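**Q** Before I ask anything, here is the structure I am working with.
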Amino acid sequence: MTMRAVALGVGHYLPERIVPNAEFEKTLDTSDEWIQARTGIERRHFAADGETTSDMAIKAATAALAQAGLAASDIDAVIVATSTPDLTFPSVATMVQQGLGMTRGFGFDVQAVCAGFVYALSTANAMIVSGQANRILVIGAETFSRIMDWTDRATCVLFGDGAGALVLEGRDGGGTNDDRGILAADLNSDGQYREMLYVDGGVSTTGESGKLRMQGNPLFRQAVGKLAATAEASLAKINMPSEELDWIVPHQANIRIIQGTAKKLGLPMEQVVVTVQDHGNTSAASIPLALSVAVEDGRIKPGQVLLMEAIGGGLAWGSVILRW
Ligand code: UT7
């Protein structure tokens with residue numbers, strides 16, 4: 001028998017305030033037309049004043065627990081993927097524990113920027129398979145609106161806020177690709193690409209949280225190849241042809257990156273979950289948000305095979321294959 005990290009429930013939270021592209025036309029030399037044509041984004045949600053990453057993470061986690069039919073006391077560990085924590089420390093995960101009323105187990109944050117949820121899922125899988133925890137809440141939560149330079153049209157129109165959460169539980173499987181749960185994971189990073197996407201502040205440098213800086217076009221040119229390569233690597237680990245994938249649930253940075261990756265993998269866009277038009281790029285929250293939306297509307301059904309893939313600052317990139 002093989003231990004598998006099986007998904008029991010998913011949930012999400014989006015802040016109330018929705019900002020359409022047209023809003024940026026008032027202050028920047030940009031247009032709804034440019035933003036939609038180059039990115040696929042039509043609108044995004046921004047957190048209210050005082051609304052934090054942990055506030056959103058707690059709401060998403062509560063929804064995921066409800067879908068799983070579990071109480072917070074049933075959870076052994078909380079892993080939060082975020083690059084926009086409430087405070088430098090403690091972790092958002094410990095704030096989620098407190099918010100949910102959990103007084104046992106453990107929590108920590110994972111920081112791999114837009115690839116954070118894939119890194120957190122892979123970490124949770126390793127902990128479940130090795131017996132360190134049986135039920136893990138894996139959350140992606142971000143308030144990227146707090147690190148935007150509102151004068152930089154090349155970045156501030158791209159990002160949004162939100163949170164998504166997934167409950168995983170260790171269950172015995174048969175050891176084949178027919179098992180439910182996480183079947184494969186592949187992680188990569190390469191610090192030589194740091195200048196392509198970073199925040200220009202931090203604790204040991206400026207003492208300020210800083211603003212996001214991005215070389216969009218060079219990053220775009222790295223993205224499709226690296227995403228397709230990590231997807232192929234995960235598929236190869238379990239000897240699964242890409243035709244066996246039912247869905248790609250990609251990081252939602254840009255519709256053209258999503259389309260390019262699907263094309264390289266030979267999957268039609270009908271099998272790709274796309275939420276970039278409504279959420280923008282929510283970094284580590286984008287995959288669990290898309291997953292939650294597609295489970296909620298009935299597109300993703302039990303037994304189907306999902307490929308999740310993401311790339312972001314670092315650069316860090318990776319993929320996970322999971323049978324729902
Ligand atoms: O989540 C982490 C991963 N993130 C990504 O993977 C993002 C990757 N990059 C991208 O999605 C795209 O590169 C962008 C959407 C950021 C930009 O699209 P692009 O097709 O690569 O455009 P570009 O950067 O080459 O810029 C083309 C033009 C430039 O003007 P010039 O120099 O040709 O006159 C930009 O100044 O578009 C201009 N531009 C804008 N124009 C109107 C840049 N931003 C805007 C804007 N509105 N908001």
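Labels for the structure tokens follow display order: chains A, B, ..., residues from 1 in each chain, ligands from 1.
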Could you list, as a PyMOL selection string, all protein and nucleic acid residues with an atom at most 9 Å from ligand 1, counting only C-alpha atoms and all ligand atoms?
**A** chain A and resi 24-25+28-35+37-40+113-115+152-159+197+214-224+251-257+281-284+310-313+315
**Q** I want to know what sits within 8 Å of Gly314 in chain A, based on only C-alpha atoms, with residues of the same chain fewer than 2 positions away left out; could you give that as a ChimeraX atom specification?
**A** /A:112-113,189-194,197-198,312,316
**Q** Mind giving me the straight-line distance from CA of Gly9 in chain A to CA of Gly131 in chain A in Å, one decimal?
**A** 20.5 Å
**Q** Can you tell me, as a list in words, what residues are no more than 12 Å from Val295 in chain A when counting only C-alpha atoms, ignoring any on the same chain fewer than 2 positions away?
**A**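 Returned residues: Ala7, Leu8, Gly9, Val10, Gly11, His12, Ala64, Gln67, Leu166, Trp247, Val249, Val273, Pro288, Leu289, Ala290, Leu291, Ser292, Val293, Asp297, Gly298, Arg299, Ile300, Lys301, Pro302, Gln304, Leu306 and Trp324 of chain A.
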**Q** Which one is closest to Ser83 in chain A: A:Arg171, A:Lys237, A:Arg104, A:Arg146? Count only C-alpha atoms.
**A**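 Of the candidates, the smallest distance to Ser83 in chain A is held by A:Arg146.
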**Q** Please return, as a PyMOL selection string, all residues of range 77-260 of chain A that DSSP assigns to alpha helix (DSSP H) on the basis of the backbone.
**A** chain A and resi 92-100+116-129+153-156+216-237+255-260
**Q** Return as a VMD selection string the full set of residues in range 149-297 of chain A whose backbone-based DSSP assignment is strand (DSSP E or B).
**A** chain A and resid 159 161 to 173 181 to 189 197 to 199 212 to 214 247 to 250 272 281
**Q** Nearest to Arg180 in chain A: which of A:Lys26, A:Ala285, A:Gly303, A:Ala233 is it, counting only C-alpha atoms?
**A** A:Gly303
**Q** Check the smallest atom-to-atom distance from each of A:Leu235, A:Ala228, A:Val167, A:Leu183 to Lys263 in chain A using only C-alpha atoms, then report the winner.
**A** A:Ala228
**Q** Between A:Asp149, A:Glu244, A:Glu309, A:Asp74, which is the closest to Asp200 in chain A once you count only C-alpha atoms?
**A**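 Smallest separation from Asp200 in chain A among the options: A:Asp149.
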**Q** Determine the nearest neighbour of Pro250 in chain A from the options A:Thr206, A:Gln271, A:Thr52, A:Gln36, counting only C-alpha atoms.
**A**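 Among the listed residues, the smallest separation from Pro250 in chain A belongs to A:Gln271.
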**Q** Using only C-alpha atoms, find the one residue out of A:Gln111, A:Asn125, A:Thr53, A:Asn21 that sits nearest to Arg4 in chain A.
**A**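 Closest to Arg4 in chain A, using only C-alpha atoms: A:Asn125.
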